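To be precise, the following lines are entry-v5.cif, and they hold mmCIF, C-alpha atoms.
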data_start
loop_
_atom_site.label_atom_id
_atom_site.label_comp_id
_atom_site.auth_asym_id
_atom_site.auth_seq_id
_atom_site.Cartn_x
_atom_site.Cartn_y
_atom_site.Cartn_z
CA MET A 839 13.53 -8.62 17.73
CA ILE A 840 14.25 -7.80 14.11
CA GLN A 841 17.26 -10.14 14.34
CA ARG A 842 14.80 -13.01 14.23
CA TYR A 843 14.41 -12.19 10.57
CA PHE A 844 18.06 -12.95 9.91
CA ARG A 845 17.31 -16.60 10.57
CA TYR A 846 15.66 -16.71 7.15
CA PHE A 847 18.97 -15.85 5.56
CA ARG A 848 20.76 -18.27 7.85
CA GLU A 849 18.32 -20.96 6.79
CA MET A 850 18.79 -19.92 3.17
CA LYS A 851 22.44 -20.85 3.59
CA LEU A 852 21.68 -24.11 5.40
CA ASN A 853 18.83 -25.09 3.12
CA PRO A 854 19.51 -23.57 -0.29
CA ASN A 855 16.37 -24.73 -2.07
CA GLN A 856 14.05 -22.92 -4.45
CA GLY A 857 11.29 -23.09 -1.82
CA MET A 858 13.30 -21.13 0.75
CA PHE A 859 14.31 -18.58 -1.89
CA THR A 860 10.72 -18.01 -3.02
CA PHE A 861 9.57 -17.85 0.61
CA ILE A 862 11.82 -14.81 1.13
CA LEU A 863 10.77 -13.36 -2.24
CA HIS A 864 7.09 -13.89 -1.34
CA ARG A 865 7.54 -11.91 1.89
CA VAL A 866 9.52 -9.10 0.27
CA THR A 867 7.16 -8.68 -2.70
CA GLY A 868 4.17 -8.88 -0.34
CA ILE A 869 5.47 -5.96 1.72
CA ILE A 870 6.24 -4.00 -1.48
CA LEU A 871 2.68 -4.61 -2.72
CA VAL A 872 1.17 -3.43 0.59
CA ILE A 873 3.20 -0.21 0.28
CA TYR A 874 1.98 0.08 -3.32
CA LEU A 875 -1.64 -0.39 -2.18
CA PHE A 876 -1.31 2.72 0.01
CA ILE A 877 0.33 4.71 -2.82
CA HIS A 878 -2.43 3.57 -5.21
CA LEU A 879 -5.18 4.70 -2.80
CA TRP A 880 -3.35 7.99 -2.18
CA SER A 881 -3.04 8.75 -5.90
CA LEU A 882 -6.72 7.89 -6.47
CA SER A 883 -7.69 10.08 -3.50
CA HIS A 884 -6.85 13.08 -5.68
CA ALA A 885 -10.44 12.55 -6.86
CA PHE A 886 -11.47 14.44 -3.71
CA GLU A 887 -9.94 17.55 -5.29
CA GLY A 888 -11.79 17.14 -8.58
CA ALA A 889 -11.19 15.75 -12.05
CA GLU A 890 -8.35 18.18 -12.88
CA ALA A 891 -6.26 17.20 -9.85
CA LEU A 892 -6.85 13.54 -10.66
CA LYS A 893 -5.71 14.05 -14.24
CA ASN A 894 -2.59 15.90 -13.04
CA ALA A 895 -1.87 13.03 -10.66
CA PHE A 896 -2.17 10.56 -13.56
CA GLU A 897 0.12 12.70 -15.72
CA LEU A 898 2.94 12.02 -13.28
CA TYR A 899 2.71 8.31 -14.13
CA ASN A 900 3.23 9.00 -17.83
CA THR A 901 7.00 9.33 -17.37
CA THR A 902 9.81 6.89 -18.05
CA LEU A 903 10.72 6.62 -14.36
CA PHE A 904 7.19 5.57 -13.43
CA HIS A 905 6.88 3.22 -16.41
CA ILE A 906 10.01 1.43 -15.18
CA GLY A 907 8.47 1.38 -11.72
CA GLU A 908 5.28 0.00 -13.24
CA TYR A 909 7.25 -2.83 -14.83
CA LEU A 910 8.97 -3.62 -11.52
CA LEU A 911 5.51 -3.59 -9.91
CA LEU A 912 4.33 -6.07 -12.54
CA LEU A 913 7.29 -8.31 -11.70
CA CYS A 914 6.37 -8.13 -7.99
CA ILE A 915 2.74 -9.00 -8.74
CA LEU A 916 3.84 -11.88 -11.00
CA ILE A 917 6.22 -13.30 -8.39
CA HIS A 918 3.69 -12.97 -5.56
CA GLY A 919 0.71 -14.14 -7.62
CA LEU A 920 2.34 -17.11 -9.33
CA ASN A 921 4.07 -18.22 -6.13
CA GLY A 922 0.74 -17.86 -4.33
CA LEU A 923 -0.89 -20.06 -6.96
CA ARG A 924 1.89 -22.60 -6.47
CA LEU A 925 1.28 -22.53 -2.71
CA LEU A 926 -2.46 -22.99 -3.26
CA LEU A 927 -1.84 -25.99 -5.51
CA THR A 928 0.55 -27.63 -3.04
CA ASP A 929 -1.84 -26.85 -0.15
CA PHE A 930 -4.98 -28.30 -1.68
CA LEU A 931 -3.76 -30.95 -4.12
CA PRO A 932 -1.68 -34.04 -3.32
CA ILE A 933 1.24 -33.04 -5.52
CA THR A 934 3.90 -32.41 -2.88
CA SER A 935 6.12 -35.04 -4.47
CA LYS A 936 6.16 -33.07 -7.72
CA GLN A 937 6.80 -29.66 -6.18
CA ARG A 938 10.27 -29.18 -7.66
CA ALA A 939 8.85 -29.67 -11.16
CA LEU A 940 5.95 -27.40 -10.20
CA TRP A 941 8.41 -24.69 -9.14
CA TRP A 942 10.19 -24.81 -12.51
CA PHE A 943 6.82 -24.82 -14.30
CA PHE A 944 5.80 -21.60 -12.56
CA PHE A 945 9.27 -20.12 -13.06
CA ILE A 946 8.96 -20.67 -16.82
CA ILE A 947 5.47 -19.09 -16.81
CA PHE A 948 6.94 -16.13 -14.91
CA LEU A 949 9.75 -15.74 -17.46
CA ILE A 950 7.31 -15.93 -20.41
CA ILE A 951 4.96 -13.28 -18.97
CA ALA A 952 7.82 -11.06 -17.79
CA VAL A 953 9.46 -11.06 -21.25
CA ALA A 954 6.17 -10.81 -23.17
CA SER A 955 4.98 -7.82 -21.15
CA LEU A 956 8.13 -5.95 -22.19
CA PHE A 957 6.45 -5.63 -25.61
CA TRP A 958 3.75 -3.56 -23.92
CA PHE A 959 6.00 -1.58 -21.62
CA LEU A 960 8.94 -0.72 -23.89
CA PRO A 961 6.91 1.28 -26.50
CA GLU A 962 5.81 3.59 -23.67
CA LEU A 963 9.37 4.36 -22.58
CA PRO A 964 10.56 7.16 -24.92
CA TYR A 965 8.83 9.81 -22.82
CA SER A 966 10.97 12.23 -20.87
CA PHE A 967 12.52 10.74 -17.80
CA ILE A 968 10.85 12.47 -14.87
CA GLN A 969 8.88 15.26 -16.55
CA ALA A 970 5.44 14.58 -17.96
CA ARG A 971 4.99 15.15 -21.69
CA MET B 393 -6.66 -29.48 20.18
CA ASP B 394 -9.34 -27.21 18.84
CA ILE B 395 -8.05 -26.33 15.40
CA THR B 396 -10.37 -23.31 15.08
CA LYS B 397 -8.40 -21.52 17.82
CA THR B 398 -5.08 -21.68 15.96
CA GLY B 399 -5.80 -19.12 13.29
CA VAL B 400 -7.03 -21.63 10.73
CA TRP B 401 -9.87 -19.32 9.69
CA SER B 402 -7.50 -16.52 8.76
CA TRP B 403 -5.39 -19.13 6.94
CA LEU B 404 -8.46 -20.23 4.96
CA MET B 405 -9.60 -16.64 4.36
CA GLN B 406 -6.10 -15.81 3.11
CA ARG B 407 -6.49 -18.60 0.51
CA ILE B 408 -10.04 -17.59 -0.48
CA THR B 409 -9.13 -13.92 -0.88
CA ALA B 410 -5.98 -14.99 -2.76
CA VAL B 411 -8.07 -16.80 -5.38
CA TYR B 412 -10.41 -13.82 -5.73
CA ILE B 413 -7.51 -11.34 -5.93
CA PHE B 414 -5.69 -13.49 -8.50
CA ILE B 415 -8.69 -13.38 -10.83
CA GLY B 416 -9.54 -9.78 -9.91
CA VAL B 417 -6.04 -8.41 -10.48
CA VAL B 418 -5.84 -10.04 -13.91
CA VAL B 419 -9.20 -8.46 -14.85
CA HIS B 420 -8.11 -5.11 -13.34
CA PHE B 421 -4.83 -5.21 -15.28
CA MET B 422 -6.55 -6.14 -18.53
CA VAL B 423 -9.09 -3.34 -18.13
CA VAL B 424 -6.54 -0.69 -17.18
CA HIS B 425 -3.69 -1.64 -19.52
CA TYR B 426 -5.42 -3.32 -22.46
CA TYR B 427 -8.80 -1.69 -23.01
CA ILE B 428 -7.51 1.66 -21.77
CA SER B 429 -4.65 1.98 -24.21
CA VAL B 430 -1.97 4.65 -24.06
CA LYS B 431 -3.62 6.42 -27.00
CA THR B 432 -6.83 7.28 -25.17
CA GLU B 433 -7.22 9.70 -22.31
CA LEU B 434 -7.42 7.69 -19.12
CA ILE B 435 -10.11 9.78 -17.50
CA ASP B 436 -12.40 9.60 -20.55
CA THR B 437 -12.36 5.82 -20.66
CA MET B 438 -12.83 5.73 -16.92
CA VAL B 439 -16.24 7.37 -17.50
CA THR B 440 -17.72 4.40 -19.29
CA ARG B 441 -16.12 1.89 -16.96
CA ILE B 442 -16.62 3.22 -13.46
CA THR B 443 -20.16 4.56 -13.88
CA SER B 444 -21.56 1.05 -14.23
CA ILE B 445 -22.68 -0.56 -10.97
CA GLY B 446 -21.07 -3.89 -11.85
CA TRP B 447 -17.60 -2.38 -12.07
CA GLN B 448 -18.19 -0.43 -8.86
CA ILE B 449 -19.06 -3.64 -7.02
CA PHE B 450 -16.03 -5.33 -8.61
CA ASP B 451 -13.70 -2.52 -7.54
CA PHE B 452 -15.06 -2.36 -4.00
CA THR B 453 -14.98 -6.11 -3.37
CA LEU B 454 -11.48 -6.29 -4.85
CA LEU B 455 -10.35 -3.51 -2.50
CA ALA B 456 -11.92 -5.26 0.52
CA ALA B 457 -10.28 -8.57 -0.40
CA VAL B 458 -6.90 -6.92 -1.04
CA THR B 459 -7.08 -5.05 2.28
CA TYR B 460 -7.84 -8.24 4.21
CA HIS B 461 -5.11 -10.16 2.37
CA ALA B 462 -2.53 -7.41 2.79
CA LEU B 463 -3.11 -6.75 6.49
CA ASN B 464 -3.35 -10.46 7.29
CA GLY B 465 -0.05 -10.91 5.47
CA ILE B 466 1.61 -8.13 7.48
CA TYR B 467 0.11 -9.65 10.64
CA THR B 468 1.72 -12.98 9.74
CA VAL B 469 5.08 -11.27 9.18
CA ILE B 470 4.79 -9.57 12.59
CA CYS B 471 3.77 -12.84 14.29
CA ASP B 472 6.87 -14.50 12.82
CA LEU B 473 8.96 -12.09 14.87
CA GLY B 474 7.86 -14.17 17.84
CA ILE B 475 5.61 -11.80 19.76
CA SER B 476 3.51 -12.72 22.80
CA ARG B 477 -0.12 -13.83 22.67
CA LYS B 478 -1.25 -10.54 24.19
CA ALA B 479 0.69 -8.53 21.61
CA ARG B 480 -0.89 -10.63 18.87
CA ARG B 481 -4.34 -9.72 20.11
CA GLY B 482 -3.35 -6.06 20.13
CA TRP B 483 -2.08 -6.24 16.54
CA THR B 484 -5.27 -8.06 15.48
CA PHE B 485 -7.31 -5.19 16.95
CA ILE B 486 -5.11 -2.53 15.30
CA PHE B 487 -5.26 -4.25 11.89
CA TRP B 488 -9.06 -4.67 12.02
CA ILE B 489 -9.47 -0.95 12.77
CA LEU B 490 -6.95 -0.06 10.05
CA GLY B 491 -8.58 -2.43 7.57
CA ILE B 492 -12.07 -1.04 8.17
CA ALA B 493 -10.67 2.49 7.85
CA ILE B 494 -8.97 1.66 4.52
CA THR B 495 -12.13 -0.01 3.19
CA VAL B 496 -14.30 2.97 4.15
CA LEU B 497 -11.74 5.38 2.65
CA GLY B 498 -11.68 3.28 -0.52
CA PHE B 499 -15.48 3.37 -0.68
CA LEU B 500 -15.42 7.19 -0.34
CA ILE B 501 -12.72 7.43 -3.04
CA LEU B 502 -14.81 5.19 -5.30
CA THR B 503 -17.94 7.33 -4.89
CA ARG B 504 -15.81 10.42 -5.52
CA LEU B 505 -14.29 8.82 -8.64
CA VAL B 506 -17.78 8.07 -9.90
CA ALA B 507 -18.76 11.70 -9.23
CA VAL B 508 -15.77 13.25 -11.05
CA SER B 509 -16.06 10.72 -13.90
CA SER B 510 -19.70 11.48 -14.62
CA PRO B 511 -20.03 12.55 -18.27
CA VAL B 512 -21.35 15.99 -17.24
CA SER B 513 -18.18 17.15 -15.54
CA ILE B 514 -15.82 15.93 -18.26
CA ASN B 515 -14.56 18.36 -20.85
CA PRO B 516 -13.06 16.98 -24.04
CA VAL B 517 -9.28 17.14 -23.67
CA PRO B 518 -7.25 18.19 -26.74
CA SER B 519 -4.66 15.51 -27.45
CA PRO B 520 -1.06 16.73 -27.29
#
Let me see the file written as structure tokens.
Amino acid sequence: MIQRYFRYFREMKLNPNQGMFTFILHRVTGIILVIYLFIHLWSLSHAFEGAEALKNAFELYNTTLFHIGEYLLLLCILIHGLNGLRLLLTDFLPITSKQRALWWFFFIIFLIIAVASLFWFLPELPYSFIQAR
Amino acid sequence: MDITKTGVWSWLMQRITAVYIFIGVVVHFMVVHYYISVKTELIDTMVTRITSIGWQIFDFTLLAAVTYHALNGIYTVICDLGISRKARRGWTFIFWILGIAITVLGFLILTRLVAVSSPVSINPVPSP
């Protein structure tokens, strides 16, 4: 059953377009974001144990490892969100003939935001790697 | 062919929730990573934010939309494996139960967050 998923990679070889590539990326980042949703709810559920437990749970995220993870999460959200916006535009507007240009447009927006957000994420990095301050 | 029996409503709902999530996630990110800067204690700034009813409604509706979008997305991935019509109905049932459970859990977490973030229970934290 799971072998059916290999046809995406087979098709990627037969049809090596940006659309096929972002289709796979959209799926992969979507699954990562669903997993993140559960982790996010779990970490917030420390509120059931009181404010102190919640603060301790947040302290864990103030480490370099989690800041790197946060940046990767941002990349996932950017890929999924911007590609979703591209899909919405091609679904509801008659611009299918321009979709290659549209893809590059969104790719450039992705690059700009991904590089610009490094200016927010990099100053937070010099904390210890896995131990909270 | 009756188009409403081919899953067009979930297709449309996926688009509607996508638009709401796109705006909502940007707002959520701005609030968490811009207004709550690294200099301030997260839990102190959460007090002013989460105790207002507007932000509570925003958080809850965003969670509901994200849950629908996420589980519908996983459902689509499972359907692409080529499962039978009966199995699809089973997964639909499972995901509705799971989605309602997540939304209720999120609502409980939100009320709990409001409770622990109330200004009474917060002690001033000495900065390191």
Where does chain A meet chain B within 9 Å, residue by residue, with the nearest atom pair and distance in Å to one decimal for each, counting all atoms listed in the file, listed by chain and rising number, as CSV?
residue,atom,partner,partner_atom,distance
A:Met839,CA,B:Leu473,CA,6.4
A:Ile840,CA,B:Leu473,CA,6.9
A:Gln841,CA,B:Leu473,CA,8.5
A:Arg842,CA,B:Leu473,CA,5.9
A:Tyr843,CA,B:Leu473,CA,6.9
A:Arg865,CA,B:Val469,CA,7.7
A:Gly868,CA,B:Gly465,CA,7.5
A:Ile869,CA,B:Ile466,CA,7.3
A:Leu871,CA,B:Ala462,CA,8.1
A:Val872,CA,B:Ala462,CA,5.9
A:Leu875,CA,B:Thr459,CA,8.4
A:Phe876,CA,B:Ile494,CA,9.0
A:Leu879,CA,B:Gly498,CA,7.0
A:Leu882,CA,B:Ile501,CA,6.9
A:Ser883,CA,B:Ile501,CA,5.7
A:His884,CA,B:Ile501,CA,8.6
A:Ala885,CA,B:Leu505,CA,5.6
A:Phe886,CA,B:Arg504,CA,6.2
A:Gly888,CA,B:Val508,CA,6.1
A:Ala889,CA,B:Val508,CA,5.3
A:Leu892,CA,B:Ile435,CA,8.5
A:Lys893,CA,B:Ile435,CA,6.9
A:Phe896,CA,B:Leu434,CA,8.2
A:Ile915,CA,B:Val417,CA,9.0
A:Gly919,CA,B:Phe414,CA,6.5
A:Leu920,CA,B:Phe414,CA,8.8
A:Gly922,CA,B:Ala410,CA,7.5
A:Leu923,CA,B:Val411,CA,8.0
A:Leu926,CA,B:Arg407,CA,7.1
A:Trp958,CA,B:His425,CA,8.9
A:Glu962,CA,B:Val430,CA,7.9
A:Arg971,CA,B:Pro520,CA,8.4
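CA of Tyr874 (chain A) lies 14.4 Å from CA of Ile906 (chain A).
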Report summary line: Correct to one decimal, the distance CA of Thr495 (chain B)-CA of Ala456 (chain B) is 5.9 Å
**Report entry** Residues within 10 Å of Asp451 (chain B), all atoms listed in the file, excluding chain neighbours under 5 positions, as a list in words
**Finding:**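 Listing them by chain and then by number gives Gly416, His420, Ile442, Ile445, Gly446, Ala456, Ala457, Gly498, Phe499 and Leu502 of chain B.
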Output C-alpha atoms of each residue in that selection to a file, as a PDB file, keeping the file's coordinate frame.
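Saved to selection_18.pdb:
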ATOM      1  CA  GLY B 416      -9.540  -9.780  -9.910  1.00  0.00           C
ATOM      2  CA  HIS B 420      -8.110  -5.110 -13.340  1.00  0.00           C
ATOM      3  CA  ILE B 442     -16.620   3.220 -13.460  1.00  0.00           C
ATOM      4  CA  ILE B 445     -22.680  -0.560 -10.970  1.00  0.00           C
ATOM      5  CA  GLY B 446     -21.070  -3.890 -11.850  1.00  0.00           C
ATOM      6  CA  ALA B 456     -11.920  -5.260   0.520  1.00  0.00           C
ATOM      7  CA  ALA B 457     -10.280  -8.570  -0.400  1.00  0.00           C
ATOM      8  CA  GLY B 498     -11.680   3.280  -0.520  1.00  0.00           C
ATOM      9  CA  PHE B 499     -15.480   3.370  -0.680  1.00  0.00           C
ATOM     10  CA  LEU B 502     -14.810   5.190  -5.300  1.00  0.00           C
TER      11      LEU B 502
END
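The gap separating CA of Trp401 (chain B) from CA of Tyr460 (chain B) is 12.5 Å, in Å to one decimal.
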Name all residues at most 12 Å from Leu960 (chain A) (count all atoms listed in the file; drop same-chain ones fewer than 5 positions away) and give them as an mmCIF file with C-alpha atoms, keeping the file's coordinate frame.
data_model
loop_
_atom_site.group_PDB
_atom_site.id
_atom_site.type_symbol
_atom_site.label_atom_id
_atom_site.label_comp_id
_atom_site.auth_asym_id
_atom_site.auth_seq_id
_atom_site.Cartn_x
_atom_site.Cartn_y
_atom_site.Cartn_z
ATOM 1 C CA THR A 902 9.810 6.890 -18.050
ATOM 2 C CA HIS A 905 6.880 3.220 -16.410
ATOM 3 C CA ILE A 906 10.010 1.430 -15.180
ATOM 4 C CA GLU A 908 5.280 0.000 -13.240
ATOM 5 C CA TYR A 909 7.250 -2.830 -14.830
ATOM 6 C CA VAL A 953 9.460 -11.060 -21.250
ATOM 7 C CA ALA A 954 6.170 -10.810 -23.170
ATOM 8 C CA SER A 955 4.980 -7.820 -21.150
ATOM 9 C CA TYR A 965 8.830 9.810 -22.820
#
Requested in this report: Counting all atoms listed in the file, figure out which residue out of A:Phe957, A:Tyr899, A:Trp941, A:Phe904 gets nearest to Phe861 (chain A).
Outcome: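 For Phe861 (chain A), the nearest of the given residues is A:Trp941.
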